[in-house]
>>> print(open('query07.pdb').read())   # PDB, C-alpha atoms
ATOM      1  CA  MET A 188      -1.873 -87.150  17.945
ATOM      2  CA  ARG A 189       0.005 -84.340  16.207
ATOM      3  CA  ILE A 190      -3.267 -83.115  14.636
ATOM      4  CA  HIS A 191      -4.983 -83.094  18.052
ATOM      5  CA  ARG A 192      -2.073 -81.152  19.583
ATOM      6  CA  LEU A 193      -2.217 -78.586  16.787
ATOM      7  CA  ALA A 194      -5.970 -78.178  17.202
ATOM      8  CA  LEU A 195      -5.580 -77.725  20.952
ATOM      9  CA  THR A 196      -2.805 -75.160  20.443
ATOM     10  CA  ALA A 197      -5.022 -73.227  18.012
ATOM     11  CA  CYS A 198      -7.934 -73.195  20.463
ATOM     12  CA  VAL A 199      -5.706 -71.902  23.249
ATOM     13  CA  ALA A 200      -4.387 -69.167  20.980
ATOM     14  CA  LEU A 201      -7.892 -68.137  19.963
ATOM     15  CA  ALA A 202      -9.022 -68.019  23.562
ATOM     16  CA  ALA A 203      -6.027 -65.885  24.483
ATOM     17  CA  THR A 204      -6.931 -63.340  21.839
ATOM     18  CA  GLY A 205     -10.502 -63.186  23.047
ATOM     19  CA  VAL A 206     -12.159 -64.920  20.089
ATOM     20  CA  LEU A 207     -13.515 -67.718  22.280
ATOM     21  CA  SER A 208     -13.773 -65.775  25.512
ATOM     22  CA  GLY A 209     -16.904 -63.814  26.399
ATOM     23  CA  ASN A 210     -15.000 -62.021  29.164
ATOM     24  CA  ALA A 211     -12.244 -60.944  26.813
ATOM     25  CA  SER A 212     -14.693 -59.734  24.174
ATOM     26  CA  ALA A 213     -16.373 -57.576  26.801
ATOM     27  CA  GLN A 214     -13.148 -55.836  27.861
ATOM     28  CA  ASP A 215     -13.363 -53.167  25.147
ATOM     29  CA  TYR A 216     -17.173 -53.088  25.102
ATOM     30  CA  PRO A 217     -18.709 -50.822  24.011
ATOM     31  CA  ASN A 218     -16.541 -49.318  21.286
ATOM     32  CA  LYS A 219     -19.330 -48.010  19.042
ATOM     33  CA  PRO A 220     -22.908 -46.620  19.447
ATOM     34  CA  LEU A 221     -25.666 -48.851  20.819
ATOM     35  CA  ARG A 222     -29.154 -49.184  19.378
ATOM     36  CA  LEU A 223     -32.115 -49.162  21.778
ATOM     37  CA  ILE A 224     -35.246 -50.475  20.059
ATOM     38  CA  VAL A 225     -38.525 -48.980  21.266
ATOM     39  CA  PRO A 226     -41.545 -50.908  19.934
ATOM     40  CA  PHE A 227     -43.776 -47.820  19.680
ATOM     41  CA  PRO A 228     -43.705 -44.505  17.769
ATOM     42  CA  PRO A 229     -42.054 -41.370  19.183
ATOM     43  CA  GLY A 230     -43.915 -39.367  21.821
ATOM     44  CA  GLY A 231     -45.430 -42.168  23.882
ATOM     45  CA  GLY A 232     -44.487 -43.295  27.380
ATOM     46  CA  ASN A 233     -42.065 -45.989  26.198
ATOM     47  CA  ASP A 234     -40.267 -43.519  23.949
ATOM     48  CA  ILE A 235     -40.015 -40.823  26.631
ATOM     49  CA  LEU A 236     -38.484 -43.262  29.105
ATOM     50  CA  ALA A 237     -36.099 -44.737  26.526
ATOM     51  CA  ARG A 238     -34.708 -41.339  25.589
ATOM     52  CA  SER A 239     -34.314 -40.335  29.224
ATOM     53  CA  VAL A 240     -32.459 -43.535  30.130
ATOM     54  CA  GLY A 241     -30.518 -43.554  26.863
ATOM     55  CA  GLN A 242     -29.181 -40.050  27.392
ATOM     56  CA  ARG A 243     -27.811 -40.839  30.849
ATOM     57  CA  LEU A 244     -26.541 -44.309  29.942
ATOM     58  CA  ALA A 245     -24.637 -42.774  27.038
ATOM     59  CA  GLU A 246     -22.896 -40.434  29.464
ATOM     60  CA  ALA A 247     -21.961 -43.393  31.671
ATOM     61  CA  ILE A 248     -20.520 -45.639  28.946
ATOM     62  CA  GLY A 249     -19.078 -42.967  26.663
ATOM     63  CA  GLN A 250     -21.010 -44.098  23.604
ATOM     64  CA  GLN A 251     -24.113 -42.779  21.883
ATOM     65  CA  ILE A 252     -27.429 -44.573  22.447
ATOM     66  CA  ILE A 253     -29.531 -44.416  19.290
ATOM     67  CA  VAL A 254     -33.262 -44.817  19.988
ATOM     68  CA  ASP A 255     -34.823 -46.810  17.150
ATOM     69  CA  ASN A 256     -38.641 -46.550  17.114
ATOM     70  CA  ARG A 257     -40.220 -49.633  15.524
ATOM     71  CA  GLY A 258     -43.944 -49.293  16.212
ATOM     72  CA  GLY A 259     -46.821 -51.499  15.120
ATOM     73  CA  ALA A 260     -48.923 -54.480  16.198
ATOM     74  CA  GLY A 261     -48.996 -53.397  19.838
ATOM     75  CA  GLY A 262     -45.219 -53.681  20.157
ATOM     76  CA  LEU A 263     -44.950 -57.011  18.353
ATOM     77  CA  ILE A 264     -42.906 -55.716  15.407
ATOM     78  CA  GLY A 265     -40.225 -54.060  17.517
ATOM     79  CA  ALA A 266     -39.953 -57.074  19.800
ATOM     80  CA  GLU A 267     -39.415 -59.420  16.848
ATOM     81  CA  ILE A 268     -36.698 -57.178  15.396
ATOM     82  CA  ALA A 269     -34.902 -57.092  18.752
ATOM     83  CA  ALA A 270     -35.211 -60.843  19.286
ATOM     84  CA  LYS A 271     -33.608 -61.561  15.902
ATOM     85  CA  ALA A 272     -30.843 -58.941  16.169
ATOM     86  CA  VAL A 273     -27.174 -59.917  16.352
ATOM     87  CA  PRO A 274     -26.466 -60.805  20.024
ATOM     88  CA  ASP A 275     -23.325 -58.702  20.363
ATOM     89  CA  GLY A 276     -24.476 -56.211  22.994
ATOM     90  CA  TYR A 277     -25.020 -53.396  20.505
ATOM     91  CA  THR A 278     -28.773 -53.912  20.230
ATOM     92  CA  LEU A 279     -30.967 -53.458  23.303
ATOM     93  CA  PHE A 280     -34.738 -53.560  23.672
ATOM     94  CA  LEU A 281     -37.068 -51.574  25.918
ATOM     95  CA  ALA A 282     -39.228 -54.392  27.253
ATOM     96  CA  SER A 283     -42.492 -53.843  29.070
ATOM     97  CA  ILE A 284     -45.435 -55.654  30.570
ATOM     98  CA  GLY A 285     -47.110 -55.421  27.167
ATOM     99  CA  ASN A 286     -44.606 -57.170  24.912
ATOM    100  CA  LEU A 287     -43.175 -59.681  27.414
ATOM    101  CA  ALA A 288     -46.231 -60.546  29.551
ATOM    102  CA  PHE A 289     -49.537 -59.489  27.975
ATOM    103  CA  THR A 290     -48.764 -60.347  24.345
ATOM    104  CA  PRO A 291     -47.580 -63.925  25.087
ATOM    105  CA  ALA A 292     -50.774 -64.439  27.090
ATOM    106  CA  LEU A 293     -52.953 -63.184  24.246
ATOM    107  CA  ARG A 294     -51.387 -64.842  21.219
ATOM    108  CA  ALA A 295     -50.971 -68.559  20.637
ATOM    109  CA  ARG A 296     -48.239 -67.880  18.093
ATOM    110  CA  LEU A 297     -45.488 -65.317  18.417
ATOM    111  CA  PRO A 298     -42.514 -64.597  16.142
ATOM    112  CA  TYR A 299     -40.333 -64.680  19.271
ATOM    113  CA  ASP A 300     -40.130 -66.527  22.570
ATOM    114  CA  PRO A 301     -40.356 -64.014  25.466
ATOM    115  CA  VAL A 302     -37.994 -66.108  27.614
ATOM    116  CA  ARG A 303     -35.649 -67.916  25.230
ATOM    117  CA  ASP A 304     -35.078 -65.078  22.763
ATOM    118  CA  PHE A 305     -34.176 -62.348  25.256
ATOM    119  CA  ALA A 306     -31.409 -61.940  27.819
ATOM    120  CA  PRO A 307     -32.743 -59.914  30.783
ATOM    121  CA  VAL A 308     -30.472 -57.045  31.825
ATOM    122  CA  THR A 309     -32.433 -55.194  34.506
ATOM    123  CA  LEU A 310     -35.870 -53.975  35.516
ATOM    124  CA  LEU A 311     -35.797 -50.210  34.982
ATOM    125  CA  ALA A 312     -38.923 -48.752  36.505
ATOM    126  CA  THR A 313     -42.495 -49.379  37.567
ATOM    127  CA  SER A 314     -45.623 -47.248  37.592
ATOM    128  CA  ALA A 315     -49.368 -47.353  37.517
ATOM    129  CA  PHE A 316     -51.408 -46.700  34.404
ATOM    130  CA  ILE A 317     -53.672 -43.682  34.616
ATOM    131  CA  LEU A 318     -57.345 -43.768  33.579
ATOM    132  CA  VAL A 319     -58.215 -40.591  31.710
ATOM    133  CA  VAL A 320     -61.194 -39.233  29.784
ATOM    134  CA  ASN A 321     -61.838 -36.379  27.425
ATOM    135  CA  PRO A 322     -63.087 -33.428  29.533
ATOM    136  CA  SER A 323     -66.303 -33.298  27.485
ATOM    137  CA  LEU A 324     -67.337 -36.699  28.850
ATOM    138  CA  PRO A 325     -69.814 -36.207  31.746
ATOM    139  CA  ALA A 326     -67.880 -38.422  34.152
ATOM    140  CA  LYS A 327     -65.761 -36.922  36.915
ATOM    141  CA  SER A 328     -65.055 -40.105  38.866
ATOM    142  CA  VAL A 329     -64.557 -43.810  38.262
ATOM    143  CA  GLN A 330     -68.033 -44.555  39.584
ATOM    144  CA  GLU A 331     -69.599 -41.949  37.289
ATOM    145  CA  LEU A 332     -67.751 -43.472  34.334
ATOM    146  CA  ILE A 333     -68.996 -46.954  35.231
ATOM    147  CA  ALA A 334     -72.571 -45.685  35.577
ATOM    148  CA  LEU A 335     -72.350 -43.861  32.230
ATOM    149  CA  ALA A 336     -70.904 -46.912  30.481
ATOM    150  CA  LYS A 337     -73.670 -49.133  31.850
ATOM    151  CA  ALA A 338     -76.309 -46.635  30.752
ATOM    152  CA  ARG A 339     -74.806 -46.506  27.258
ATOM    153  CA  PRO A 340     -73.438 -50.034  26.572
ATOM    154  CA  GLY A 341     -71.328 -50.289  23.445
ATOM    155  CA  GLN A 342     -71.459 -46.533  22.833
ATOM    156  CA  LEU A 343     -68.290 -45.341  24.592
ATOM    157  CA  ASN A 344     -64.901 -45.858  22.948
ATOM    158  CA  TYR A 345     -61.530 -46.381  24.573
ATOM    159  CA  ALA A 346     -58.199 -45.925  22.836
ATOM    160  CA  SER A 347     -55.088 -48.083  23.155
ATOM    161  CA  ALA A 348     -51.576 -48.260  21.742
ATOM    162  CA  GLY A 349     -52.536 -51.313  19.673
ATOM    163  CA  GLN A 350     -53.979 -54.810  19.807
ATOM    164  CA  GLY A 351     -52.484 -56.695  22.720
ATOM    165  CA  SER A 352     -50.681 -53.653  24.110
ATOM    166  CA  SER A 353     -50.541 -53.004  27.835
ATOM    167  CA  LEU A 354     -53.080 -50.195  27.442
ATOM    168  CA  HIS A 355     -55.473 -52.556  25.661
ATOM    169  CA  MET A 356     -55.112 -55.284  28.270
ATOM    170  CA  THR A 357     -55.524 -52.938  31.234
ATOM    171  CA  ALA A 358     -58.767 -51.585  29.780
ATOM    172  CA  GLU A 359     -60.041 -55.126  29.160
ATOM    173  CA  ILE A 360     -59.287 -56.055  32.771
ATOM    174  CA  PHE A 361     -61.178 -52.910  33.846
ATOM    175  CA  LYS A 362     -64.158 -53.941  31.695
ATOM    176  CA  LEU A 363     -64.128 -57.370  33.288
ATOM    177  CA  ALA A 364     -63.923 -55.965  36.818
ATOM    178  CA  THR A 365     -66.726 -53.433  36.281
ATOM    179  CA  GLY A 366     -69.058 -55.326  33.962
ATOM    180  CA  THR A 367     -68.992 -52.538  31.378
ATOM    181  CA  ASP A 368     -69.187 -52.696  27.587
ATOM    182  CA  LEU A 369     -66.611 -50.327  26.068
ATOM    183  CA  VAL A 370     -65.536 -50.393  22.416
ATOM    184  CA  HIS A 371     -61.816 -50.781  21.682
ATOM    185  CA  VAL A 372     -60.132 -48.467  19.160
ATOM    186  CA  ALA A 373     -56.552 -49.568  18.481
ATOM    187  CA  TYR A 374     -53.854 -47.113  17.400
ATOM    188  CA  LYS A 375     -50.233 -47.561  16.338
ATOM    189  CA  GLY A 376     -48.821 -46.268  19.597
ATOM    190  CA  SER A 377     -49.994 -44.232  22.559
ATOM    191  CA  ALA A 378     -49.024 -40.860  21.043
ATOM    192  CA  PRO A 379     -51.618 -40.947  18.220
ATOM    193  CA  ALA A 380     -54.135 -42.448  20.643
ATOM    194  CA  LEU A 381     -53.639 -39.521  23.021
ATOM    195  CA  THR A 382     -53.978 -37.062  20.136
ATOM    196  CA  ASP A 383     -57.403 -38.439  19.220
ATOM    197  CA  LEU A 384     -58.452 -38.649  22.864
ATOM    198  CA  ILE A 385     -57.632 -34.966  23.337
ATOM    199  CA  GLY A 386     -59.433 -34.196  20.075
ATOM    200  CA  GLY A 387     -62.570 -36.045  21.199
ATOM    201  CA  GLN A 388     -62.526 -38.807  18.568
ATOM    202  CA  VAL A 389     -62.445 -41.303  21.466
ATOM    203  CA  GLN A 390     -63.555 -40.756  25.041
ATOM    204  CA  ILE A 391     -61.510 -42.985  27.375
ATOM    205  CA  MET A 392     -57.996 -44.354  27.722
ATOM    206  CA  PHE A 393     -55.638 -46.053  30.131
ATOM    207  CA  GLY A 394     -52.383 -44.194  29.516
ATOM    208  CA  THR A 395     -48.795 -44.496  30.636
ATOM    209  CA  MET A 396     -47.717 -41.939  33.202
ATOM    210  CA  PRO A 397     -44.841 -40.369  31.181
ATOM    211  CA  ALA A 398     -47.014 -39.567  28.159
ATOM    212  CA  THR A 399     -50.363 -38.904  29.825
ATOM    213  CA  LEU A 400     -49.658 -37.000  33.028
ATOM    214  CA  PRO A 401     -48.461 -33.817  31.250
ATOM    215  CA  GLN A 402     -51.761 -33.720  29.345
ATOM    216  CA  VAL A 403     -53.677 -34.006  32.613
ATOM    217  CA  LYS A 404     -51.673 -31.207  34.199
ATOM    218  CA  ALA A 405     -52.284 -29.056  31.121
ATOM    219  CA  GLY A 406     -56.037 -29.543  31.514
ATOM    220  CA  LYS A 407     -56.417 -31.373  28.219
ATOM    221  CA  LEU A 408     -57.529 -34.616  29.884
ATOM    222  CA  ARG A 409     -59.326 -35.506  33.105
ATOM    223  CA  ALA A 410     -57.759 -38.156  35.348
ATOM    224  CA  LEU A 411     -60.152 -40.475  37.165
ATOM    225  CA  GLY A 412     -57.881 -43.072  38.755
ATOM    226  CA  VAL A 413     -54.562 -44.901  38.749
ATOM    227  CA  SER A 414     -54.222 -48.655  38.364
ATOM    228  CA  GLY A 415     -51.703 -49.322  41.142
ATOM    229  CA  ALA A 416     -52.285 -50.471  44.705
ATOM    230  CA  LYS A 417     -51.265 -47.053  46.018
ATOM    231  CA  ARG A 418     -51.519 -43.484  44.765
ATOM    232  CA  SER A 419     -48.755 -42.154  42.561
ATOM    233  CA  ALA A 420     -46.450 -39.559  44.099
ATOM    234  CA  ALA A 421     -46.591 -37.701  40.790
ATOM    235  CA  ALA A 422     -50.400 -37.473  40.931
ATOM    236  CA  SER A 423     -51.244 -37.766  44.614
ATOM    237  CA  ASP A 424     -54.679 -36.168  44.164
ATOM    238  CA  VAL A 425     -55.799 -38.967  41.824
ATOM    239  CA  PRO A 426     -57.288 -41.957  43.698
ATOM    240  CA  THR A 427     -56.487 -45.559  42.928
ATOM    241  CA  ILE A 428     -59.189 -47.326  40.952
ATOM    242  CA  ALA A 429     -59.553 -49.752  43.858
ATOM    243  CA  GLU A 430     -60.288 -46.991  46.373
ATOM    244  CA  ALA A 431     -62.566 -45.294  43.837
ATOM    245  CA  GLY A 432     -64.949 -48.217  43.951
ATOM    246  CA  VAL A 433     -63.435 -51.226  42.127
ATOM    247  CA  PRO A 434     -62.071 -53.358  44.993
ATOM    248  CA  GLY A 435     -58.964 -55.407  44.224
ATOM    249  CA  PHE A 436     -58.223 -53.705  40.912
ATOM    250  CA  GLU A 437     -54.462 -53.508  40.341
ATOM    251  CA  VAL A 438     -52.338 -53.538  37.197
ATOM    252  CA  LEU A 439     -48.755 -52.373  37.626
ATOM    253  CA  ASN A 440     -46.860 -51.222  34.562
ATOM    254  CA  TRP A 441     -43.149 -51.996  34.266
ATOM    255  CA  TYR A 442     -40.258 -51.373  31.919
ATOM    256  CA  GLY A 443     -36.920 -53.130  31.587
ATOM    257  CA  ILE A 444     -33.902 -53.533  29.346
ATOM    258  CA  VAL A 445     -33.234 -56.841  27.606
ATOM    259  CA  ALA A 446     -30.781 -57.912  24.904
ATOM    260  CA  PRO A 447     -31.035 -60.630  22.222
ATOM    261  CA  GLY A 448     -31.004 -64.073  23.794
ATOM    262  CA  LYS A 449     -27.442 -65.187  23.101
ATOM    263  CA  THR A 450     -25.721 -61.962  24.141
ATOM    264  CA  PRO A 451     -22.531 -62.903  26.080
ATOM    265  CA  GLY A 452     -22.997 -63.004  29.849
ATOM    266  CA  ALA A 453     -20.046 -60.706  30.488
ATOM    267  CA  ILE A 454     -21.636 -57.995  28.340
ATOM    268  CA  VAL A 455     -25.015 -58.434  30.041
ATOM    269  CA  GLN A 456     -23.357 -58.047  33.443
ATOM    270  CA  LYS A 457     -21.518 -54.902  32.339
ATOM    271  CA  LEU A 458     -24.722 -53.388  30.997
ATOM    272  CA  ASN A 459     -26.435 -54.263  34.263
ATOM    273  CA  ARG A 460     -23.766 -52.462  36.295
ATOM    274  CA  ASP A 461     -23.907 -49.386  34.083
ATOM    275  CA  LEU A 462     -27.702 -49.240  34.144
ATOM    276  CA  LEU A 463     -27.869 -49.673  37.927
ATOM    277  CA  ALA A 464     -25.422 -46.792  38.344
ATOM    278  CA  THR A 465     -27.544 -44.722  35.966
ATOM    279  CA  LEU A 466     -30.741 -45.497  37.903
ATOM    280  CA  LYS A 467     -29.123 -44.364  41.161
ATOM    281  CA  SER A 468     -28.083 -40.977  39.841
ATOM    282  CA  PRO A 469     -30.083 -38.024  41.266
ATOM    283  CA  ALA A 470     -30.784 -36.740  37.741
ATOM    284  CA  MET A 471     -32.278 -40.073  36.680
ATOM    285  CA  ILE A 472     -34.346 -40.418  39.844
ATOM    286  CA  GLU A 473     -35.751 -36.919  39.322
ATOM    287  CA  SER A 474     -36.472 -37.653  35.654
ATOM    288  CA  LEU A 475     -38.356 -40.841  36.554
ATOM    289  CA  HIS A 476     -40.313 -39.059  39.281
ATOM    290  CA  THR A 477     -41.364 -36.363  36.811
ATOM    291  CA  GLN A 478     -42.649 -39.111  34.524
ATOM    292  CA  GLY A 479     -44.595 -40.755  37.352
ATOM    293  CA  LEU A 480     -42.183 -43.697  37.519
ATOM    294  CA  GLU A 481     -40.259 -45.350  40.346
ATOM    295  CA  ALA A 482     -36.731 -46.662  39.797
ATOM    296  CA  ALA A 483     -36.399 -50.437  40.133
ATOM    297  CA  GLY A 484     -33.075 -52.153  39.354
ATOM    298  CA  GLY A 485     -31.869 -55.619  40.314
ATOM    299  CA  THR A 486     -29.815 -58.395  38.757
ATOM    300  CA  PRO A 487     -30.392 -59.995  35.349
ATOM    301  CA  GLU A 488     -31.324 -63.230  37.123
ATOM    302  CA  LYS A 489     -33.931 -61.524  39.293
ATOM    303  CA  PHE A 490     -35.432 -59.771  36.271
ATOM    304  CA  GLY A 491     -35.627 -63.098  34.427
ATOM    305  CA  VAL A 492     -37.575 -64.686  37.282
ATOM    306  CA  PHE A 493     -39.888 -61.649  37.371
ATOM    307  CA  ILE A 494     -40.636 -61.887  33.632
ATOM    308  CA  LYS A 495     -41.573 -65.567  33.941
ATOM    309  CA  SER A 496     -43.865 -64.826  36.892
ATOM    310  CA  GLU A 497     -45.615 -62.031  34.951
ATOM    311  CA  ILE A 498     -46.164 -64.305  31.938
ATOM    312  CA  ALA A 499     -47.757 -66.963  34.166
ATOM    313  CA  LYS A 500     -49.855 -64.399  36.038
ATOM    314  CA  TYR A 501     -51.451 -62.827  32.983
ATOM    315  CA  ALA A 502     -51.909 -66.110  31.158
ATOM    316  CA  LYS A 503     -54.313 -67.009  33.976
ATOM    317  CA  VAL A 504     -56.053 -63.614  33.767
ATOM    318  CA  VAL A 505     -56.539 -63.875  30.002
ATOM    319  CA  LYS A 506     -57.894 -67.408  30.237
ATOM    320  CA  ALA A 507     -60.286 -66.588  33.090
ATOM    321  CA  ALA A 508     -61.575 -63.437  31.381
ATOM    322  CA  GLY A 509     -61.722 -64.862  27.873
ATOM    323  CA  ILE A 510     -59.820 -61.822  26.609
ATOM    324  CA  HIS A 511     -58.521 -62.034  23.050
ATOM    325  CA  VAL A 512     -57.173 -59.806  20.299
ATOM    326  CA  GLU A 513     -59.490 -59.234  17.362
TER
END
>>> encode(input="query07.pdb", output="structure tokens")
Amino acid sequence: MRIHRLALTACVALAATGVLSGNASAQDYPNKPLRLIVPFPPGGGNDILARSVGQRLAEAIGQQIIVDNRGGAGGLIGAEIAAKAVPDGYTLFLASIGNLAFTPALRARLPYDPVRDFAPVTLLATSAFILVVNPSLPAKSVQELIALAKARPGQLNYASAGQGSSLHMTAEIFKLATGTDLVHVAYKGSAPALTDLIGGQVQIMFGTMPATLPQVKAGKLRALGVSGAKRSAAASDVPTIAEAGVPGFEVLNWYGIVAPGKTPGAIVQKLNRDLLATLKSPAMIESLHTQGLEAAGGTPEKFGVFIKSEIAKYAKVVKAAGIHVE
């Protein structure tokens, strides 16, 4: 009995000092810089958003946010690193439709579980993808592109940020919806893909708004359509692909913040509060609008339900279309 009483006394003492208490451990959080893993190289849409959010979150929490670019395998490498990181709240991951919805649908085996290995914090923003072509391509509308692709099957190339990336999947869904034969050229991120698209090494690409829209406005690329159900406020003159002649076409891009799976709940809730406050700031709203994004937000629980629904949705799409990674 004496041993049991001593053990109980020790447990109470540990809890009082915060060793066993998630709430207590979160009281002085954060007390050092945070790492935000971006699973693509610098310069792409994911990276642009991460740096924008990171800058303003750092101001809110009083600690530096270090953006850690870990590109490769369509986002798979960065996601694995984040999933296996120490769950102490000091490693965050910029999740997206690609690494948490498309990739699980495409690959039978993953080095991480998209649900078990991540703790959802909040949905950050949503946007459409934008279909762009090199200006030298004789296609000035979605219908002209479809007609050209059907006249030259297997001769037109489209770029993506990598096998299984959101850009790859969106293009494959477009191919399925239009009955076209386009050749996939995978890059290690959207930035190098855009560079070759502008240079004419490839002709077509579905790009993220943050990285691609500036190139359209600069006249380096021609925009044909956006993948959402409605036009983007940042590119109101660009029609949706559905209204441009592909009825029912809709793929909505999204970004969110997650932490390693066993991150204490109290820390996740604090991060959620700080991120929601950041998303509501006028500076952040303006920054997102400039990037062609719309602020989202919501609770960790709501984001978790959303992720599961997206995984189920695109698993059905992949199976029905027979889409696979080479």
>>> residues_around(input="query07.pdb", residues="region 256-270 of chain A", least_positions_apart="2", cutoff="8 Å", atoms="all atoms listed in the file", output="PyMOL selection string")
chain A and resi 224-229+234+254+272+278-280+282+285-286+290+298-299+304-305+348-352+375-376+446-448
>>> resolve_selection(input="query07.pdb", expression="the PyMOL selection byres ((chain A and resi 362) around 12)", output="VMD selection string")
chain A and resid 332 to 333 336 to 337 340 to 341 343 to 345 355 to 361 363 to 371 393 433 436 508 to 510
>>> closest_residue(input="query07.pdb", among="A:Ala338, A:Ala502, A:Leu318, A:Ala380", to="Ala431 (chain A)", atoms="all atoms listed in the file")
A:Leu318
>>> residues_near_point(input="query07.pdb", point="(-24.3, -58.3, 22.7)", cutoff="7 Å", atoms="only C-alpha atoms", output="ChimeraX atom specification")
/A:274-278,446,450-451,454
>>> atom_distance(input="query07.pdb", atom1="CA of Val504 (chain A)", atom2="CA of Phe289 (chain A)")
9.6 Å
>>> closest_residue(input="query07.pdb", among="A:Val319, A:Leu293, A:Ala429, A:Leu223", to="Gly406 (chain A)", atoms="all atoms listed in the file")
A:Val319
>>> atom_distance(input="query07.pdb", atom1="CA of Trp441 (chain A)", atom2="CA of Thr313 (chain A)")
4.3 Å
>>> atom_distance(input="query07.pdb", atom1="CA of Ala378 (chain A)", atom2="CA of Ser474 (chain A)")
19.5 Å
>>> closest_residue(input="query07.pdb", among="A:Gln251, A:Thr309, A:Gln456, A:Gln330", to="Gly491 (chain A)", atoms="all atoms listed in the file")
A:Thr309
